[in-house]
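Next comes model_18.pdb, with PDB, N, CA and C atoms, pLDDT in the B column.
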MODEL        1
ATOM      1  N   SER A 528     127.131 107.794 118.515  1.00 41.00           N
ATOM      2  CA  SER A 528     128.259 107.772 119.442  1.00 41.00           C
ATOM      3  C   SER A 528     129.517 107.346 118.711  1.00 41.00           C
ATOM      4  N   GLN A 529     130.615 107.972 119.041  1.00 50.00           N
ATOM      5  CA  GLN A 529     131.880 107.679 118.378  1.00 50.00           C
ATOM      6  C   GLN A 529     132.427 106.344 118.869  1.00 50.00           C
ATOM      7  N   ALA A 530     132.941 105.538 117.953  1.00 56.00           N
ATOM      8  CA  ALA A 530     133.501 104.241 118.314  1.00 56.00           C
ATOM      9  C   ALA A 530     134.752 104.428 119.155  1.00 56.00           C
ATOM     10  N   ALA A 531     134.787 103.731 120.277  1.00 76.00           N
ATOM     11  CA  ALA A 531     135.978 103.778 121.118  1.00 76.00           C
ATOM     12  C   ALA A 531     137.021 102.848 120.528  1.00 76.00           C
ATOM     13  N   GLY A 532     138.249 103.059 120.905  1.00 91.00           N
ATOM     14  CA  GLY A 532     139.310 102.178 120.446  1.00 91.00           C
ATOM     15  C   GLY A 532     140.654 102.853 120.577  1.00 91.00           C
ATOM     16  N   ILE A 533     141.692 102.086 120.287  1.00 93.00           N
ATOM     17  CA  ILE A 533     143.063 102.590 120.382  1.00 93.00           C
ATOM     18  C   ILE A 533     143.623 102.671 118.971  1.00 93.00           C
ATOM     19  N   PHE A 534     143.962 103.874 118.558  1.00 93.00           N
ATOM     20  CA  PHE A 534     144.548 104.100 117.238  1.00 93.00           C
ATOM     21  C   PHE A 534     145.993 103.629 117.253  1.00 93.00           C
ATOM     22  N   VAL A 535     146.352 102.770 116.295  1.00 92.00           N
ATOM     23  CA  VAL A 535     147.723 102.259 116.208  1.00 92.00           C
ATOM     24  C   VAL A 535     148.532 103.227 115.347  1.00 92.00           C
ATOM     25  N   ALA A 536     149.424 103.975 115.990  1.00 92.00           N
ATOM     26  CA  ALA A 536     150.222 104.971 115.272  1.00 92.00           C
ATOM     27  C   ALA A 536     151.453 104.340 114.638  1.00 92.00           C
ATOM     28  N   ALA A 537     152.032 103.338 115.302  1.00 92.00           N
ATOM     29  CA  ALA A 537     153.248 102.695 114.801  1.00 92.00           C
ATOM     30  C   ALA A 537     153.301 101.256 115.301  1.00 92.00           C
ATOM     31  N   VAL A 538     153.932 100.391 114.509  1.00 90.00           N
ATOM     32  CA  VAL A 538     154.096  98.991 114.878  1.00 90.00           C
ATOM     33  C   VAL A 538     155.583  98.651 114.764  1.00 90.00           C
ATOM     34  N   GLU A 539     156.165  98.121 115.832  1.00 89.00           N
ATOM     35  CA  GLU A 539     157.590  97.758 115.812  1.00 89.00           C
ATOM     36  C   GLU A 539     157.816  96.647 114.786  1.00 89.00           C
ATOM     37  N   PRO A 540     158.894  96.758 113.993  1.00 89.00           N
ATOM     38  CA  PRO A 540     159.144  95.787 112.917  1.00 89.00           C
ATOM     39  C   PRO A 540     159.193  94.331 113.394  1.00 89.00           C
ATOM     40  N   ASP A 541     159.770  94.062 114.563  1.00 85.00           N
ATOM     41  CA  ASP A 541     159.920  92.685 115.029  1.00 85.00           C
ATOM     42  C   ASP A 541     159.062  92.378 116.255  1.00 85.00           C
ATOM     43  N   GLY A 542     158.127  93.257 116.575  1.00 82.00           N
ATOM     44  CA  GLY A 542     157.311  93.080 117.774  1.00 82.00           C
ATOM     45  C   GLY A 542     156.149  92.119 117.563  1.00 82.00           C
ATOM     46  N   PRO A 543     155.481  91.739 118.665  1.00 79.00           N
ATOM     47  CA  PRO A 543     154.362  90.804 118.574  1.00 79.00           C
ATOM     48  C   PRO A 543     153.192  91.338 117.740  1.00 79.00           C
ATOM     49  N   ALA A 544     152.989  92.653 117.761  1.00 82.00           N
ATOM     50  CA  ALA A 544     151.893  93.240 116.986  1.00 82.00           C
ATOM     51  C   ALA A 544     152.108  93.020 115.487  1.00 82.00           C
ATOM     52  N   ARG A 545     153.345  93.203 115.027  1.00 86.00           N
ATOM     53  CA  ARG A 545     153.663  93.009 113.604  1.00 86.00           C
ATOM     54  C   ARG A 545     153.433  91.548 113.213  1.00 86.00           C
ATOM     55  N   LYS A 546     153.850  90.618 114.088  1.00 85.00           N
ATOM     56  CA  LYS A 546     153.673  89.184 113.809  1.00 85.00           C
ATOM     57  C   LYS A 546     152.194  88.816 113.722  1.00 85.00           C
ATOM     58  N   THR A 547     151.367  89.545 114.445  1.00 86.00           N
ATOM     59  CA  THR A 547     149.925  89.315 114.463  1.00 86.00           C
ATOM     60  C   THR A 547     149.266  89.771 113.172  1.00 86.00           C
ATOM     61  N   GLY A 548     149.894  90.734 112.504  1.00 91.00           N
ATOM     62  CA  GLY A 548     149.300  91.305 111.306  1.00 91.00           C
ATOM     63  C   GLY A 548     148.712  92.675 111.560  1.00 91.00           C
ATOM     64  N   LEU A 549     148.932  93.202 112.765  1.00 92.00           N
ATOM     65  CA  LEU A 549     148.463  94.544 113.103  1.00 92.00           C
ATOM     66  C   LEU A 549     149.219  95.565 112.262  1.00 92.00           C
ATOM     67  N   LEU A 550     148.516  96.544 111.751  1.00 94.00           N
ATOM     68  CA  LEU A 550     149.128  97.560 110.899  1.00 94.00           C
ATOM     69  C   LEU A 550     148.920  98.957 111.473  1.00 94.00           C
ATOM     70  N   GLU A 551     149.783  99.889 111.047  1.00 95.00           N
ATOM     71  CA  GLU A 551     149.574 101.283 111.385  1.00 95.00           C
ATOM     72  C   GLU A 551     148.182 101.688 110.908  1.00 95.00           C
ATOM     73  N   ARG A 552     147.515 102.527 111.683  1.00 95.00           N
ATOM     74  CA  ARG A 552     146.187 103.063 111.394  1.00 95.00           C
ATOM     75  C   ARG A 552     145.052 102.098 111.717  1.00 95.00           C
ATOM     76  N   ASP A 553     145.380 100.872 112.201  1.00 95.00           N
ATOM     77  CA  ASP A 553     144.327  99.993 112.711  1.00 95.00           C
ATOM     78  C   ASP A 553     143.801 100.615 114.006  1.00 95.00           C
ATOM     79  N   ILE A 554     142.601 100.244 114.389  1.00 95.00           N
ATOM     80  CA  ILE A 554     142.032 100.693 115.657  1.00 95.00           C
ATOM     81  C   ILE A 554     141.669  99.447 116.463  1.00 95.00           C
ATOM     82  N   ILE A 555     142.332  99.273 117.603  1.00 94.00           N
ATOM     83  CA  ILE A 555     142.062  98.121 118.463  1.00 94.00           C
ATOM     84  C   ILE A 555     140.802  98.426 119.261  1.00 94.00           C
ATOM     85  N   ILE A 556     139.769  97.594 119.084  1.00 95.00           N
ATOM     86  CA  ILE A 556     138.523  97.829 119.812  1.00 95.00           C
ATOM     87  C   ILE A 556     138.279  96.804 120.914  1.00 95.00           C
ATOM     88  N   LYS A 557     138.908  95.613 120.793  1.00 95.00           N
ATOM     89  CA  LYS A 557     138.778  94.610 121.849  1.00 95.00           C
ATOM     90  C   LYS A 557     140.079  93.844 122.011  1.00 95.00           C
ATOM     91  N   TYR A 558     140.406  93.529 123.254  1.00 92.00           N
ATOM     92  CA  TYR A 558     141.572  92.706 123.576  1.00 92.00           C
ATOM     93  C   TYR A 558     141.092  91.614 124.519  1.00 92.00           C
ATOM     94  N   GLY A 559     141.224  90.358 124.101  1.00 91.00           N
ATOM     95  CA  GLY A 559     140.763  89.252 124.930  1.00 91.00           C
ATOM     96  C   GLY A 559     139.274  89.321 125.214  1.00 91.00           C
ATOM     97  N   GLY A 560     138.511  89.860 124.243  1.00 92.00           N
ATOM     98  CA  GLY A 560     137.066  89.957 124.407  1.00 92.00           C
ATOM     99  C   GLY A 560     136.605  91.157 125.222  1.00 92.00           C
ATOM    100  N   LYS A 561     137.554  91.950 125.730  1.00 93.00           N
ATOM    101  CA  LYS A 561     137.199  93.127 126.532  1.00 93.00           C
ATOM    102  C   LYS A 561     137.355  94.387 125.687  1.00 93.00           C
ATOM    103  N   ILE A 562     136.383  95.282 125.782  1.00 92.00           N
ATOM    104  CA  ILE A 562     136.432  96.531 125.018  1.00 92.00           C
ATOM    105  C   ILE A 562     137.591  97.398 125.504  1.00 92.00           C
ATOM    106  N   THR A 563     138.389  97.881 124.552  1.00 92.00           N
ATOM    107  CA  THR A 563     139.505  98.769 124.877  1.00 92.00           C
ATOM    108  C   THR A 563     139.192 100.154 124.349  1.00 92.00           C
ATOM    109  N   SER A 564     138.973 101.090 125.263  1.00 90.00           N
ATOM    110  CA  SER A 564     138.667 102.451 124.821  1.00 90.00           C
ATOM    111  C   SER A 564     139.861 103.379 125.004  1.00 90.00           C
ATOM    112  N   SER A 565     140.890 102.904 125.697  1.00 89.00           N
ATOM    113  CA  SER A 565     142.088 103.728 125.885  1.00 89.00           C
ATOM    114  C   SER A 565     143.306 102.835 126.074  1.00 89.00           C
ATOM    115  N   ILE A 566     144.480 103.423 125.935  1.00 88.00           N
ATOM    116  CA  ILE A 566     145.728 102.683 126.139  1.00 88.00           C
ATOM    117  C   ILE A 566     145.815 102.214 127.592  1.00 88.00           C
ATOM    118  N   ASP A 567     145.197 102.948 128.509  1.00 89.00           N
ATOM    119  CA  ASP A 567     145.169 102.532 129.920  1.00 89.00           C
ATOM    120  C   ASP A 567     144.428 101.210 130.082  1.00 89.00           C
ATOM    121  N   ASP A 568     143.321 101.055 129.348  1.00 88.00           N
ATOM    122  CA  ASP A 568     142.586  99.784 129.367  1.00 88.00           C
ATOM    123  C   ASP A 568     143.502  98.654 128.922  1.00 88.00           C
ATOM    124  N   LEU A 569     144.200  98.871 127.803  1.00 86.00           N
ATOM    125  CA  LEU A 569     145.075  97.842 127.254  1.00 86.00           C
ATOM    126  C   LEU A 569     146.157  97.460 128.258  1.00 86.00           C
ATOM    127  N   HIS A 570     146.755  98.443 128.893  1.00 84.00           N
ATOM    128  CA  HIS A 570     147.794  98.164 129.898  1.00 84.00           C
ATOM    129  C   HIS A 570     147.219  97.389 131.077  1.00 84.00           C
ATOM    130  N   ARG A 571     145.968  97.677 131.460  1.00 86.00           N
ATOM    131  CA  ARG A 571     145.318  96.955 132.557  1.00 86.00           C
ATOM    132  C   ARG A 571     145.082  95.489 132.181  1.00 86.00           C
ATOM    133  N   PHE A 572     144.695  95.257 130.905  1.00 85.00           N
ATOM    134  CA  PHE A 572     144.398  93.896 130.455  1.00 85.00           C
ATOM    135  C   PHE A 572     145.657  93.073 130.227  1.00 85.00           C
ATOM    136  N   LEU A 573     146.759  93.745 129.853  1.00 81.00           N
ATOM    137  CA  LEU A 573     148.017  93.047 129.575  1.00 81.00           C
ATOM    138  C   LEU A 573     148.706  92.692 130.881  1.00 81.00           C
ATOM    139  N   THR A 574     148.548  91.460 131.318  1.00 79.00           N
ATOM    140  CA  THR A 574     149.157  91.038 132.574  1.00 79.00           C
ATOM    141  C   THR A 574     150.254  90.015 132.308  1.00 79.00           C
ATOM    142  N   GLU A 575     151.123  89.838 133.277  1.00 76.00           N
ATOM    143  CA  GLU A 575     152.254  88.914 133.159  1.00 76.00           C
ATOM    144  C   GLU A 575     151.816  87.505 132.753  1.00 76.00           C
ATOM    145  N   ASP A 576     150.688  87.049 133.291  1.00 81.00           N
ATOM    146  CA  ASP A 576     150.275  85.668 133.017  1.00 81.00           C
ATOM    147  C   ASP A 576     149.779  85.456 131.589  1.00 81.00           C
ATOM    148  N   GLN A 577     149.662  86.539 130.807  1.00 83.00           N
ATOM    149  CA  GLN A 577     149.247  86.395 129.415  1.00 83.00           C
ATOM    150  C   GLN A 577     150.430  86.260 128.470  1.00 83.00           C
ATOM    151  N   VAL A 578     151.648  86.464 128.969  1.00 85.00           N
ATOM    152  CA  VAL A 578     152.840  86.357 128.133  1.00 85.00           C
ATOM    153  C   VAL A 578     152.922  84.939 127.573  1.00 85.00           C
ATOM    154  N   GLY A 579     153.050  84.828 126.243  1.00 87.00           N
ATOM    155  CA  GLY A 579     153.155  83.535 125.595  1.00 87.00           C
ATOM    156  C   GLY A 579     151.828  82.846 125.324  1.00 87.00           C
ATOM    157  N   THR A 580     150.707  83.475 125.712  1.00 89.00           N
ATOM    158  CA  THR A 580     149.372  82.905 125.504  1.00 89.00           C
ATOM    159  C   THR A 580     148.684  83.629 124.353  1.00 89.00           C
ATOM    160  N   GLN A 581     148.006  82.890 123.496  1.00 91.00           N
ATOM    161  CA  GLN A 581     147.316  83.508 122.366  1.00 91.00           C
ATOM    162  C   GLN A 581     146.052  84.219 122.840  1.00 91.00           C
ATOM    163  N   ILE A 582     145.925  85.492 122.499  1.00 90.00           N
ATOM    164  CA  ILE A 582     144.808  86.325 122.929  1.00 90.00           C
ATOM    165  C   ILE A 582     144.091  86.874 121.686  1.00 90.00           C
ATOM    166  N   PRO A 583     142.749  86.793 121.642  1.00 94.00           N
ATOM    167  CA  PRO A 583     142.046  87.380 120.498  1.00 94.00           C
ATOM    168  C   PRO A 583     142.076  88.910 120.541  1.00 94.00           C
ATOM    169  N   LEU A 584     142.241  89.483 119.370  1.00 93.00           N
ATOM    170  CA  LEU A 584     142.324  90.939 119.226  1.00 93.00           C
ATOM    171  C   LEU A 584     141.341  91.330 118.131  1.00 93.00           C
ATOM    172  N   THR A 585     140.444  92.267 118.414  1.00 95.00           N
ATOM    173  CA  THR A 585     139.489  92.740 117.406  1.00 95.00           C
ATOM    174  C   THR A 585     139.902  94.142 116.990  1.00 95.00           C
ATOM    175  N   VAL A 586     140.071  94.325 115.681  1.00 96.00           N
ATOM    176  CA  VAL A 586     140.496  95.633 115.184  1.00 96.00           C
ATOM    177  C   VAL A 586     139.585  96.098 114.048  1.00 96.00           C
ATOM    178  N   LEU A 587     139.548  97.411 113.885  1.00 96.00           N
ATOM    179  CA  LEU A 587     138.894  98.016 112.723  1.00 96.00           C
ATOM    180  C   LEU A 587     139.991  98.460 111.768  1.00 96.00           C
ATOM    181  N   ARG A 588     139.855  98.084 110.497  1.00 96.00           N
ATOM    182  CA  ARG A 588     140.821  98.494 109.472  1.00 96.00           C
ATOM    183  C   ARG A 588     140.042  98.950 108.259  1.00 96.00           C
ATOM    184  N   ALA A 589     140.158 100.210 107.940  1.00 94.00           N
ATOM    185  CA  ALA A 589     139.477 100.773 106.763  1.00 94.00           C
ATOM    186  C   ALA A 589     137.992 100.411 106.742  1.00 94.00           C
ATOM    187  N   GLY A 590     137.359 100.510 107.910  1.00 91.00           N
ATOM    188  CA  GLY A 590     135.924 100.260 108.003  1.00 91.00           C
ATOM    189  C   GLY A 590     135.524  98.802 108.170  1.00 91.00           C
ATOM    190  N   SER A 591     136.489  97.881 108.073  1.00 96.00           N
ATOM    191  CA  SER A 591     136.193  96.458 108.250  1.00 96.00           C
ATOM    192  C   SER A 591     136.639  95.994 109.624  1.00 96.00           C
ATOM    193  N   ARG A 592     135.890  95.037 110.170  1.00 96.00           N
ATOM    194  CA  ARG A 592     136.218  94.479 111.479  1.00 96.00           C
ATOM    195  C   ARG A 592     137.003  93.186 111.274  1.00 96.00           C
ATOM    196  N   LEU A 593     138.163  93.088 111.900  1.00 96.00           N
ATOM    197  CA  LEU A 593     139.017  91.910 111.754  1.00 96.00           C
ATOM    198  C   LEU A 593     139.261  91.259 113.097  1.00 96.00           C
ATOM    199  N   GLU A 594     139.368  89.928 113.093  1.00 96.00           N
ATOM    200  CA  GLU A 594     139.718  89.186 114.299  1.00 96.00           C
ATOM    201  C   GLU A 594     141.144  88.672 114.113  1.00 96.00           C
ATOM    202  N   LEU A 595     142.046  89.096 114.974  1.00 94.00           N
ATOM    203  CA  LEU A 595     143.436  88.651 114.933  1.00 94.00           C
ATOM    204  C   LEU A 595     143.743  87.899 116.223  1.00 94.00           C
ATOM    205  N   GLU A 596     144.892  87.246 116.264  1.00 92.00           N
ATOM    206  CA  GLU A 596     145.351  86.576 117.484  1.00 92.00           C
ATOM    207  C   GLU A 596     146.740  87.118 117.781  1.00 92.00           C
ATOM    208  N   ILE A 597     146.946  87.589 118.995  1.00 87.00           N
ATOM    209  CA  ILE A 597     148.250  88.114 119.384  1.00 87.00           C
ATOM    210  C   ILE A 597     148.804  87.266 120.521  1.00 87.00           C
ATOM    211  N   ILE A 598     150.119  87.078 120.526  1.00 85.00           N
ATOM    212  CA  ILE A 598     150.780  86.385 121.636  1.00 85.00           C
ATOM    213  C   ILE A 598     151.683  87.409 122.308  1.00 85.00           C
ATOM    214  N   PRO A 599     151.233  87.961 123.462  1.00 82.00           N
ATOM    215  CA  PRO A 599     152.041  88.965 124.155  1.00 82.00           C
ATOM    216  C   PRO A 599     153.419  88.410 124.540  1.00 82.00           C
ATOM    217  N   GLU A 600     154.429  89.265 124.418  1.00 82.00           N
ATOM    218  CA  GLU A 600     155.793  88.910 124.802  1.00 82.00           C
ATOM    219  C   GLU A 600     156.191  89.727 126.006  1.00 82.00           C
ATOM    220  N   LYS A 601     157.150  89.211 126.749  1.00 79.00           N
ATOM    221  CA  LYS A 601     157.679  89.937 127.908  1.00 79.00           C
ATOM    222  C   LYS A 601     158.318  91.218 127.397  1.00 79.00           C
ATOM    223  N   ALA A 602     158.010  92.330 128.037  1.00 70.00           N
ATOM    224  CA  ALA A 602     158.589  93.621 127.647  1.00 70.00           C
ATOM    225  C   ALA A 602     160.087  93.596 127.893  1.00 70.00           C
ATOM    226  N   SER A 603     160.865  94.022 126.906  1.00 65.00           N
ATOM    227  CA  SER A 603     162.312  94.088 127.098  1.00 65.00           C
ATOM    228  C   SER A 603     162.632  95.404 127.797  1.00 65.00           C
ATOM    229  N   SER A 604     163.397  95.313 128.860  1.00 57.00           N
ATOM    230  CA  SER A 604     163.685  96.529 129.637  1.00 57.00           C
ATOM    231  C   SER A 604     165.017  97.111 129.274  1.00 57.00           C
TER     232      SER A 604
ENDMDL
END
Do you think you could lay out the structure here as structure tokens?
Amino acid sequence: SQAAGIFVAAVEPDGPARKTGLLERDIIIKYGGKITSSIDDLHRFLTEDQVGTQIPLTVLRAGSRLELEIIPEKASS
């Protein structure tokens, strides 16, 4: 079975993902311990009450599994 996950196509230079160490071509497989198989999953998990809170992020990078910590920021409108 093919591994589910979200392919990271681009990372904003000053965004929370960059500060976390997330890189282009990483594949996000878990957010806050929950499996993320689509961007819709990620949007469902990203709630207002998580802004400013450290959340574990599991990614695949070049075949290796990494554990990162991300602190979601309020979306700038």
- Quick one: DSSP strand (DSSP E or B) residues in chain A, as a count of residues only? 23
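Straight-line separation from atom C of Glu539 (chain A) to atom N of Arg552 (chain A): 12.3 Å.
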- Message: Using the chain letters and numbers from this file, what does the PyMOL selection byres (((chain A and resi 574-580 and name CA) around 7) and name CA) select? Give the answer as an MDAnalysis selection string.
- Response: chainID A and resid 572:573 581:582 598:601
- Could you please determine the separation between CA of Asp553 (chain A) and CA of Ala531 (chain A) in Å, to one decimal place?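 Between CA of Asp553 (chain A) and CA of Ala531 (chain A) the gap is 12.4 Å.
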- Run the PyMOL selection byres (((chain A and resi 591-596 and name CA) around 8) and name CA) against the file shown and list the residues it catches, as a ChimeraX atom specification. /A:547-549,581-590,597-598
- Note on the structure: Of A:Glu551, A:Ala544, A:Ser565, A:Tyr558, the one nearest to Gly532 (chain A) when counting all atoms listed in the file is A:Ser565
- CA of Lys546 (chain A) and CA of Ser564 (chain A) are how many Å apart? 22.9 Å
- Message: With distances taken over only N, CA and C atoms, which residue among A:Ile555, A:Leu569, A:Ala602, A:Ile562 lies nearest Phe534 (chain A)?
- Response: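 Going through A:Ile555, A:Leu569, A:Ala602, A:Ile562 one by one, the smallest distance to Phe534 (chain A) is for A:Ile555.
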Mind completing region 567-586 of chain A with N, CA, C and O atoms? Output as a PDB file, in the coordinates of the input, please?
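New file rebuild-v1.pdb:
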ATOM      1  N   ASP A 567     145.197 102.948 128.509  1.00 89.00           N
ATOM      2  CA  ASP A 567     145.169 102.532 129.920  1.00 89.00           C
ATOM      3  C   ASP A 567     144.428 101.210 130.082  1.00 89.00           C
ATOM      4  O   ASP A 567     144.849 100.350 130.850  1.00 89.00           O
ATOM      5  N   ASP A 568     143.321 101.055 129.348  1.00 88.00           N
ATOM      6  CA  ASP A 568     142.586  99.784 129.367  1.00 88.00           C
ATOM      7  C   ASP A 568     143.502  98.654 128.922  1.00 88.00           C
ATOM      8  O   ASP A 568     143.585  97.614 129.564  1.00 88.00           O
ATOM      9  N   LEU A 569     144.200  98.871 127.803  1.00 86.00           N
ATOM     10  CA  LEU A 569     145.075  97.842 127.254  1.00 86.00           C
ATOM     11  C   LEU A 569     146.157  97.460 128.258  1.00 86.00           C
ATOM     12  O   LEU A 569     146.414  96.279 128.472  1.00 86.00           O
ATOM     13  N   HIS A 570     146.755  98.443 128.893  1.00 84.00           N
ATOM     14  CA  HIS A 570     147.794  98.164 129.898  1.00 84.00           C
ATOM     15  C   HIS A 570     147.219  97.389 131.077  1.00 84.00           C
ATOM     16  O   HIS A 570     147.885  96.530 131.638  1.00 84.00           O
ATOM     17  N   ARG A 571     145.968  97.677 131.460  1.00 86.00           N
ATOM     18  CA  ARG A 571     145.318  96.955 132.557  1.00 86.00           C
ATOM     19  C   ARG A 571     145.082  95.489 132.181  1.00 86.00           C
ATOM     20  O   ARG A 571     145.229  94.594 133.002  1.00 86.00           O
ATOM     21  N   PHE A 572     144.695  95.257 130.905  1.00 85.00           N
ATOM     22  CA  PHE A 572     144.398  93.896 130.455  1.00 85.00           C
ATOM     23  C   PHE A 572     145.657  93.073 130.227  1.00 85.00           C
ATOM     24  O   PHE A 572     145.631  91.854 130.343  1.00 85.00           O
ATOM     25  N   LEU A 573     146.759  93.745 129.853  1.00 81.00           N
ATOM     26  CA  LEU A 573     148.017  93.047 129.575  1.00 81.00           C
ATOM     27  C   LEU A 573     148.706  92.692 130.881  1.00 81.00           C
ATOM     28  O   LEU A 573     149.373  93.521 131.478  1.00 81.00           O
ATOM     29  N   THR A 574     148.548  91.460 131.318  1.00 79.00           N
ATOM     30  CA  THR A 574     149.157  91.038 132.574  1.00 79.00           C
ATOM     31  C   THR A 574     150.254  90.015 132.308  1.00 79.00           C
ATOM     32  O   THR A 574     150.291  89.397 131.240  1.00 79.00           O
ATOM     33  N   GLU A 575     151.123  89.838 133.277  1.00 76.00           N
ATOM     34  CA  GLU A 575     152.254  88.914 133.159  1.00 76.00           C
ATOM     35  C   GLU A 575     151.816  87.505 132.753  1.00 76.00           C
ATOM     36  O   GLU A 575     152.486  86.851 131.977  1.00 76.00           O
ATOM     37  N   ASP A 576     150.688  87.049 133.291  1.00 81.00           N
ATOM     38  CA  ASP A 576     150.275  85.668 133.017  1.00 81.00           C
ATOM     39  C   ASP A 576     149.779  85.456 131.589  1.00 81.00           C
ATOM     40  O   ASP A 576     149.519  84.332 131.183  1.00 81.00           O
ATOM     41  N   GLN A 577     149.662  86.539 130.807  1.00 83.00           N
ATOM     42  CA  GLN A 577     149.247  86.395 129.415  1.00 83.00           C
ATOM     43  C   GLN A 577     150.430  86.260 128.470  1.00 83.00           C
ATOM     44  O   GLN A 577     150.243  85.961 127.295  1.00 83.00           O
ATOM     45  N   VAL A 578     151.648  86.464 128.969  1.00 85.00           N
ATOM     46  CA  VAL A 578     152.840  86.357 128.133  1.00 85.00           C
ATOM     47  C   VAL A 578     152.922  84.939 127.573  1.00 85.00           C
ATOM     48  O   VAL A 578     152.811  83.966 128.316  1.00 85.00           O
ATOM     49  N   GLY A 579     153.050  84.828 126.243  1.00 87.00           N
ATOM     50  CA  GLY A 579     153.155  83.535 125.595  1.00 87.00           C
ATOM     51  C   GLY A 579     151.828  82.846 125.324  1.00 87.00           C
ATOM     52  O   GLY A 579     151.787  81.763 124.764  1.00 87.00           O
ATOM     53  N   THR A 580     150.707  83.475 125.712  1.00 89.00           N
ATOM     54  CA  THR A 580     149.372  82.905 125.504  1.00 89.00           C
ATOM     55  C   THR A 580     148.684  83.629 124.353  1.00 89.00           C
ATOM     56  O   THR A 580     148.764  84.851 124.254  1.00 89.00           O
ATOM     57  N   GLN A 581     148.006  82.890 123.496  1.00 91.00           N
ATOM     58  CA  GLN A 581     147.316  83.508 122.366  1.00 91.00           C
ATOM     59  C   GLN A 581     146.052  84.219 122.840  1.00 91.00           C
ATOM     60  O   GLN A 581     145.222  83.630 123.521  1.00 91.00           O
ATOM     61  N   ILE A 582     145.925  85.492 122.499  1.00 90.00           N
ATOM     62  CA  ILE A 582     144.808  86.325 122.929  1.00 90.00           C
ATOM     63  C   ILE A 582     144.091  86.874 121.686  1.00 90.00           C
ATOM     64  O   ILE A 582     144.746  87.390 120.782  1.00 90.00           O
ATOM     65  N   PRO A 583     142.749  86.793 121.642  1.00 94.00           N
ATOM     66  CA  PRO A 583     142.046  87.380 120.498  1.00 94.00           C
ATOM     67  C   PRO A 583     142.076  88.910 120.541  1.00 94.00           C
ATOM     68  O   PRO A 583     141.971  89.507 121.608  1.00 94.00           O
ATOM     69  N   LEU A 584     142.241  89.483 119.370  1.00 93.00           N
ATOM     70  CA  LEU A 584     142.324  90.939 119.226  1.00 93.00           C
ATOM     71  C   LEU A 584     141.341  91.330 118.131  1.00 93.00           C
ATOM     72  O   LEU A 584     141.380  90.758 117.038  1.00 93.00           O
ATOM     73  N   THR A 585     140.444  92.267 118.414  1.00 95.00           N
ATOM     74  CA  THR A 585     139.489  92.740 117.406  1.00 95.00           C
ATOM     75  C   THR A 585     139.902  94.142 116.990  1.00 95.00           C
ATOM     76  O   THR A 585     140.081  95.009 117.842  1.00 95.00           O
ATOM     77  N   VAL A 586     140.071  94.325 115.681  1.00 96.00           N
ATOM     78  CA  VAL A 586     140.496  95.633 115.184  1.00 96.00           C
ATOM     79  C   VAL A 586     139.585  96.098 114.048  1.00 96.00           C
ATOM     80  O   VAL A 586     138.940  95.293 113.382  1.00 96.00           O
TER      81      VAL A 586
END
